[in-house]
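Have a look at data.txt below; it lists compact mmCIF, C-alpha atoms.
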# COMPACT_ATOMS: atom_id res chain seq x y z
CA MET P 1 -22.97 2.19 -1.01
CA SER P 2 -19.76 3.74 -2.27
CA ALA P 3 -19.74 5.86 -5.42
CA LYS P 4 -16.07 5.13 -6.12
CA PRO P 5 -15.18 3.02 -9.15
CA LEU P 6 -14.46 -0.61 -8.35
CA ILE P 7 -11.43 -2.55 -9.60
CA ILE P 8 -11.39 -6.33 -9.35
CA PHE P 9 -8.10 -8.09 -8.63
CA GLY P 10 -8.05 -11.44 -10.38
CA LEU P 11 -8.61 -12.77 -13.87
CA GLY P 12 -10.65 -15.92 -14.19
CA ASP P 13 -14.08 -17.25 -13.40
CA PHE P 14 -14.30 -15.66 -9.97
CA GLY P 15 -13.24 -12.26 -11.26
CA ARG P 16 -15.73 -12.44 -14.11
CA ILE P 17 -18.56 -13.53 -11.81
CA ALA P 18 -17.69 -10.95 -9.15
CA ARG P 19 -18.01 -8.20 -11.73
CA LEU P 20 -21.47 -9.40 -12.79
CA TYR P 21 -22.71 -9.57 -9.20
CA PHE P 22 -21.31 -6.20 -8.16
CA GLU P 23 -22.82 -4.49 -11.19
CA ARG P 24 -26.23 -6.18 -11.03
CA PHE P 25 -26.79 -6.49 -7.29
CA GLY P 26 -24.39 -3.98 -5.75
CA GLY P 27 -24.99 -1.00 -7.98
CA ARG P 28 -21.25 -0.63 -8.52
CA VAL P 29 -19.36 0.46 -11.62
CA VAL P 30 -16.47 -1.90 -12.33
CA THR P 31 -13.92 0.02 -14.39
CA ALA P 32 -11.01 -2.42 -14.64
CA PHE P 33 -9.44 -5.69 -13.61
CA CYS P 34 -6.03 -5.98 -12.02
CA VAL P 35 -3.22 -8.50 -11.58
CA ASP P 36 0.42 -8.21 -10.56
CA GLU P 37 1.84 -8.90 -14.01
CA PRO P 38 -0.72 -8.49 -16.82
CA LYS P 39 -0.24 -10.71 -19.84
CA ALA P 40 -3.12 -9.11 -21.75
CA SER P 41 -4.40 -5.56 -21.95
CA THR P 42 -8.10 -6.40 -21.57
CA PHE P 43 -10.35 -8.95 -19.88
CA GLU P 44 -14.10 -9.23 -20.42
CA GLY P 45 -13.98 -5.96 -22.32
CA LEU P 46 -12.32 -3.98 -19.54
CA PRO P 47 -8.70 -2.83 -19.17
CA VAL P 48 -6.30 -4.93 -17.12
CA LEU P 49 -4.10 -2.84 -14.84
CA ALA P 50 -0.85 -3.76 -13.18
CA ALA P 51 -1.00 -3.76 -9.39
CA ASP P 52 1.66 -1.04 -9.22
CA ALA P 53 -0.31 1.23 -11.56
CA LEU P 54 -3.64 1.44 -9.73
CA PRO P 55 -5.48 4.68 -9.02
CA SER P 56 -4.89 6.13 -5.56
CA THR P 57 -6.82 4.93 -2.52
CA ASP P 58 -9.17 7.91 -2.68
CA GLN P 59 -10.09 7.25 -6.31
CA ALA P 60 -11.05 3.57 -6.35
CA GLU P 61 -11.97 0.58 -4.23
CA LEU P 62 -10.88 -3.02 -4.77
CA PHE P 63 -12.32 -6.48 -4.54
CA ILE P 64 -9.96 -9.45 -4.37
CA ALA P 65 -11.47 -12.20 -6.55
CA ILE P 66 -9.11 -15.08 -5.87
CA GLY P 67 -10.38 -18.53 -4.93
CA TYR P 68 -9.05 -20.95 -2.33
CA SER P 69 -5.57 -21.44 -3.81
CA LYS P 70 -3.03 -22.74 -1.26
CA VAL P 71 -5.81 -23.06 1.34
CA ASN P 72 -6.75 -19.40 0.91
CA LYS P 73 -3.22 -18.13 1.59
CA THR P 74 -2.95 -16.54 -1.85
CA ARG P 75 -6.08 -14.43 -1.41
CA ALA P 76 -5.16 -13.59 2.18
CA ALA P 77 -1.74 -12.29 1.12
CA VAL P 78 -3.18 -10.06 -1.61
CA PHE P 79 -5.87 -8.79 0.77
CA SER P 80 -3.27 -7.90 3.42
CA ARG P 81 -1.05 -6.15 0.88
CA PHE P 82 -3.77 -3.83 -0.41
CA LYS P 83 -5.24 -3.27 3.02
CA ALA P 84 -1.82 -2.16 4.26
CA ALA P 85 -1.59 0.20 1.28
CA GLY P 86 -4.78 1.91 2.47
CA TYR P 87 -7.34 0.64 -0.03
CA THR P 88 -10.94 0.02 0.92
CA LEU P 89 -11.95 -3.56 0.05
CA ALA P 90 -15.56 -3.75 -1.10
CA SER P 91 -18.09 -6.32 0.11
CA LEU P 92 -21.33 -7.57 -1.42
CA VAL P 93 -24.32 -9.33 0.13
CA HIS P 94 -26.83 -10.64 -2.39
CA PRO P 95 -30.33 -9.19 -1.72
CA SER P 96 -31.81 -12.68 -1.31
CA VAL P 97 -29.63 -13.40 1.75
CA THR P 98 -31.30 -13.67 5.15
CA LEU P 99 -29.11 -11.33 7.18
CA TRP P 100 -29.99 -9.93 10.57
CA GLU P 101 -29.44 -6.29 11.42
CA GLY P 102 -26.19 -5.84 13.29
CA THR P 103 -24.45 -8.86 11.78
CA LYS P 104 -20.70 -8.21 11.85
CA ILE P 105 -19.15 -8.48 8.39
CA GLY P 106 -15.58 -7.64 7.42
CA GLU P 107 -14.12 -6.23 4.21
CA ASN P 108 -13.80 -8.11 0.92
CA VAL P 109 -16.71 -10.36 1.85
CA MET P 110 -18.98 -11.79 -0.83
CA ILE P 111 -22.16 -13.66 0.09
CA PHE P 112 -23.93 -15.15 -2.90
CA GLU P 113 -27.65 -15.82 -3.27
CA ASN P 114 -29.98 -17.78 -0.98
CA ASN P 115 -27.78 -18.00 2.09
CA VAL P 116 -29.28 -18.01 5.60
CA VAL P 117 -27.17 -16.16 8.17
CA GLN P 118 -28.86 -16.40 11.56
CA PRO P 119 -28.66 -13.91 14.47
CA GLY P 120 -25.36 -13.41 16.27
CA VAL P 121 -23.13 -14.56 13.41
CA THR P 122 -19.73 -12.92 12.87
CA LEU P 123 -17.98 -13.00 9.49
CA GLY P 124 -14.34 -11.92 9.35
CA ASP P 125 -12.50 -10.13 6.57
CA ASP P 126 -12.16 -11.70 3.14
CA VAL P 127 -14.81 -14.41 3.60
CA ILE P 128 -16.35 -15.92 0.46
CA ILE P 129 -19.69 -17.69 0.89
CA TRP P 130 -21.06 -19.23 -2.28
CA SER P 131 -24.78 -19.95 -2.74
CA HIS P 132 -27.31 -21.91 -0.64
CA ASN P 133 -25.60 -22.29 2.74
CA HIS P 134 -26.84 -22.21 6.34
CA ILE P 135 -24.84 -20.45 9.05
CA GLY P 136 -26.44 -21.05 12.42
CA HIS P 137 -26.95 -18.60 15.25
CA ASP P 138 -23.89 -17.21 17.06
CA ALA P 139 -21.45 -18.99 14.75
CA SER P 140 -18.23 -17.32 13.73
CA VAL P 141 -16.38 -17.58 10.44
CA GLY P 142 -12.77 -16.41 10.57
CA ALA P 143 -10.91 -14.27 8.07
CA HIS P 144 -10.08 -15.61 4.60
CA VAL P 145 -12.46 -18.59 4.81
CA PHE P 146 -14.03 -20.02 1.64
CA VAL P 147 -17.44 -21.71 1.97
CA SER P 148 -18.69 -23.62 -1.09
CA SER P 149 -22.40 -24.41 -1.63
CA GLU P 150 -24.98 -26.34 0.42
CA VAL P 151 -22.79 -26.19 3.55
CA CYS P 152 -24.38 -26.33 7.00
CA ILE P 153 -22.53 -24.60 9.84
CA ALA P 154 -24.60 -25.19 12.95
CA GLY P 155 -25.11 -22.78 15.82
CA ARG P 156 -22.13 -21.57 17.88
CA ALA P 157 -19.64 -23.34 15.64
CA ALA P 158 -16.36 -21.53 15.01
CA ILE P 159 -14.54 -21.81 11.68
CA GLY P 160 -10.85 -20.92 11.87
CA GLU P 161 -9.25 -18.52 9.45
CA ARG P 162 -8.28 -19.69 5.96
CA SER P 163 -10.33 -22.87 6.20
CA PHE P 164 -12.09 -24.31 3.16
CA LEU P 165 -15.52 -25.97 3.40
CA GLY P 166 -16.51 -28.08 0.40
CA ILE P 167 -19.93 -28.66 -1.10
CA ASN P 168 -22.41 -30.29 1.33
CA ALA P 169 -20.01 -30.23 4.27
CA THR P 170 -21.70 -30.28 7.69
CA ILE P 171 -20.27 -28.75 10.87
CA ARG P 172 -21.97 -29.75 14.11
CA ASP P 173 -23.13 -27.14 16.60
CA GLY P 174 -20.65 -25.75 19.09
CA ILE P 175 -17.48 -27.25 17.63
CA THR P 176 -14.32 -25.46 16.55
CA VAL P 177 -12.60 -25.98 13.22
CA GLY P 178 -8.97 -24.93 13.46
CA ALA P 179 -7.22 -22.56 11.09
CA GLY P 180 -6.32 -23.75 7.63
CA CYS P 181 -8.48 -26.87 7.60
CA ILE P 182 -9.87 -28.50 4.47
CA VAL P 183 -13.31 -30.02 4.98
CA GLY P 184 -14.09 -31.80 1.74
CA ALA P 185 -17.35 -32.24 -0.12
CA GLY P 186 -19.91 -34.19 1.91
CA ALA P 187 -17.71 -34.40 5.01
CA LEU P 188 -19.30 -34.42 8.49
CA LEU P 189 -17.51 -32.98 11.53
CA LEU P 190 -18.93 -33.96 14.93
CA SER P 191 -16.00 -32.86 17.10
CA ASP P 192 -13.33 -30.18 17.18
CA ALA P 193 -10.82 -30.21 14.34
CA ALA P 194 -7.21 -29.24 14.96
CA GLU P 195 -5.67 -26.69 12.60
CA ASP P 196 -4.26 -27.75 9.25
CA GLY P 197 -6.46 -30.85 9.18
CA VAL P 198 -7.89 -32.52 6.11
CA TYR P 199 -11.31 -34.19 6.36
CA LEU P 200 -12.59 -36.09 3.34
CA ALA P 201 -15.78 -38.09 2.88
CA ASP P 202 -15.76 -41.43 1.09
CA GLU P 203 -16.72 -41.27 -2.55
CA THR P 204 -19.75 -43.31 -3.63
CA PRO P 205 -18.42 -46.38 -5.48
CA ARG P 206 -19.64 -47.42 -8.90
CA HIS P 207 -22.28 -50.15 -8.82
CA ARG P 208 -21.29 -53.52 -10.27
CA LEU P 209 -24.09 -53.30 -12.87
CA PRO P 210 -24.00 -50.78 -15.74
CA ALA P 211 -26.87 -48.30 -15.98
CA SER P 212 -28.25 -50.07 -19.05
CA ARG P 213 -29.00 -53.19 -16.97
CA LEU P 214 -30.82 -51.55 -14.06
CA ARG P 215 -34.55 -52.19 -13.96
CA GLY P 216 -36.78 -49.21 -14.50
CA PHE P 217 -34.16 -47.12 -16.27

Show how you would write the structure in this file as structure tokens.
Amino acid sequence: MSAKPLIIFGLGDFGRIARLYFERFGGRVVTAFCVDEPKASTFEGLPVLAADALPSTDQAELFIAIGYSKVNKTRAAVFSRFKAAGYTLASLVHPSVTLWEGTKIGENVMIFENNVVQPGVTLGDDVIIWSHNHIGHDASVGAHVFVSSEVCIAGRAAIGERSFLGINATIRDGITVGAGCIVGAGALLLSDAAEDGVYLADETPRHRLPASRLRGF
């Protein structure tokens, strides 16, 4: 665990939540937030710094708290910029996560509570895994991927970089999801998916009867 102060890049729900998790579960001291062009001087009671006015790389670490904007390209670009500048990008694994010794995890990774990460899994840089997911044995998740909640990635599946997996998406064992794919909420993939693909499940239609006329309710 690093003793350096932590600065979070990003103002919004993810930045606010990241701070809470790093302080409560990571033992880190978050001293400021950061954006490229601040429009306010404080956020959640902490100072907001401009990206060109950060402490030096030996005085602070960063976490990039940006969601899946532009199929994760926005977060990937910010990550690459600060990595090239020499900053260490902090990661956090919630203590409830099932994580095998030797699991390969990159920088700027956040794994929220109650995830199962089986043996042989590889997680690239800048991967965000929200709560309650299953990542099967020997699967790989590429850089800059965003995994929502209740997602099942079966064994030996490979998720290409910058892909987005929506709530309750299911990825069959052994298949490859190409880079930059969007797999929507409730979608099921049973075969390889070419890069830049969009896979959406059908929405449940409204029943012809209103709720007030259903028996037993």

| request: Give the answer as one residue: which of P:Leu92, P:Ile17, P:Val117, P:Ala76 has the shortest atom-to-atom distance to Gly180 in chain P, using all atoms listed in the file? | output: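 Of P:Leu92, P:Ile17, P:Val117, P:Ala76, the one nearest Gly180 in chain P, counting all atoms listed in the file, is P:Ala76.
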
| Point (-12.7, -15.1, 2.9), cut-off 9 Å, counting all atoms listed in the file, residues as a list in words |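 Taken together, the residues in range are Gly67, Tyr68, Asn72, Arg75, Ala76, Asn108, Val109, Met110, Leu123, Gly124, Asp125, Asp126, Val127, Ile128, Ile129, Val141, Gly142, Ala143, His144, Val145, Phe146, Val147, Glu161, Arg162 and Ser163 of chain P.
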
Can you list, as a PDB file with C-alpha atoms, in the coordinates of the input, every protein, DNA or RNA residue that comes within 12 Å of Asn168 in chain P when you count all atoms listed in the file, leaving out same-chain residues fewer than 3 positions away?
ATOM      1  CA  TRP P 130     -21.060 -19.230  -2.280  1.00  0.00           C
ATOM      2  CA  SER P 131     -24.780 -19.950  -2.740  1.00  0.00           C
ATOM      3  CA  HIS P 132     -27.310 -21.910  -0.640  1.00  0.00           C
ATOM      4  CA  ASN P 133     -25.600 -22.290   2.740  1.00  0.00           C
ATOM      5  CA  HIS P 134     -26.840 -22.210   6.340  1.00  0.00           C
ATOM      6  CA  VAL P 147     -17.440 -21.710   1.970  1.00  0.00           C
ATOM      7  CA  SER P 148     -18.690 -23.620  -1.090  1.00  0.00           C
ATOM      8  CA  SER P 149     -22.400 -24.410  -1.630  1.00  0.00           C
ATOM      9  CA  GLU P 150     -24.980 -26.340   0.420  1.00  0.00           C
ATOM     10  CA  VAL P 151     -22.790 -26.190   3.550  1.00  0.00           C
ATOM     11  CA  CYS P 152     -24.380 -26.330   7.000  1.00  0.00           C
ATOM     12  CA  ILE P 153     -22.530 -24.600   9.840  1.00  0.00           C
ATOM     13  CA  LEU P 165     -15.520 -25.970   3.400  1.00  0.00           C
ATOM     14  CA  ILE P 171     -20.270 -28.750  10.870  1.00  0.00           C
ATOM     15  CA  VAL P 183     -13.310 -30.020   4.980  1.00  0.00           C
ATOM     16  CA  GLY P 184     -14.090 -31.800   1.740  1.00  0.00           C
ATOM     17  CA  ALA P 185     -17.350 -32.240  -0.120  1.00  0.00           C
ATOM     18  CA  GLY P 186     -19.910 -34.190   1.910  1.00  0.00           C
ATOM     19  CA  ALA P 187     -17.710 -34.400   5.010  1.00  0.00           C
ATOM     20  CA  LEU P 188     -19.300 -34.420   8.490  1.00  0.00           C
ATOM     21  CA  LEU P 189     -17.510 -32.980  11.530  1.00  0.00           C
ATOM     22  CA  LEU P 200     -12.590 -36.090   3.340  1.00  0.00           C
ATOM     23  CA  ALA P 201     -15.780 -38.090   2.880  1.00  0.00           C
TER      24      ALA P 201
END

| said: One number please: CA of Ala154 in chain P to CA of Gly197 in chain P, in Å, one decimal. | reply: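 For CA of Ala154 in chain P relative to CA of Gly197 in chain P, the distance reads 19.4 Å.
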
| field | range 37-44 of chain P environment, 12 Å, all atoms listed in the file, sequence neighbours closer than 5 positions dropped, as an NGL selection string | value | :P and (8-13 or 15-20 or 30-32 or 49-53)

| field | Which of P:His94, P:Arg156, P:Arg213, P:Arg172 sits closest to Phe22 in chain P [using only C-alpha atoms] | value |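 Of P:His94, P:Arg156, P:Arg213, P:Arg172, the one nearest Phe22 in chain P, counting only C-alpha atoms, is P:His94.
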
| query | What does the distance between CA of Pro205 in chain P and CA of Leu190 in chain P come to in Å, to one decimal place? | reply | 23.9 Å

| task | Counting only C-alpha atoms, figure out which residue out of P:Ile135, P:Asp196, P:Glu61, P:Val93 gets nearest to Ala169 in chain P. | result |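 Checking each candidate against Ala169 in chain P, we get P:Ile135 as the closest.
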
| said: To one decimal place in Å, what is the distance between CA of Asp138 in chain P and CA of Glu101 in chain P? | reply: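 These two atoms are separated by 13.5 Å.
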
| Distance criterion (only C-alpha atoms): nearest to Gly27 in chain P out of P:Arg81, P:Lys104, P:Lys73, P:Lys4 |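 The answer is P:Lys4, which sits nearest to Gly27 in chain P.
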
| Residue neighbourhood range 85-90 of chain P, 6 Å, only C-alpha atoms, exclusion window fewer than 3 positions, as a PyMOL selection string | chain P and resi 57+61-63+82+107-108

Go ahead and write the selection's residues with C-alpha atoms as a short mmCIF file (atom, residue, chain, number, x, y, z; two decimals), in the frame of the given file.
data_model
loop_
_atom_site.label_atom_id
_atom_site.label_comp_id
_atom_site.auth_asym_id
_atom_site.auth_seq_id
_atom_site.Cartn_x
_atom_site.Cartn_y
_atom_site.Cartn_z
CA THR P 57 -6.82 4.93 -2.52
CA GLU P 61 -11.97 0.58 -4.23
CA LEU P 62 -10.88 -3.02 -4.77
CA PHE P 63 -12.32 -6.48 -4.54
CA PHE P 82 -3.77 -3.83 -0.41
CA GLU P 107 -14.12 -6.23 4.21
CA ASN P 108 -13.80 -8.11 0.92
#

| query | Between P:Pro47, P:Glu23, P:Gly136, P:Ala60, which one has atoms that come closest to Ala3 in chain P, using only C-alpha atoms? | reply |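 For Ala3 in chain P, the nearest of the candidates is P:Ala60.
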
| task | Go through P:Val78, P:Lys83, P:Gly160, P:Tyr21 and flag the residue nearest Pro95 in chain P, using only C-alpha atoms for the distances. | result |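 The closest residue to Pro95 in chain P is P:Tyr21.
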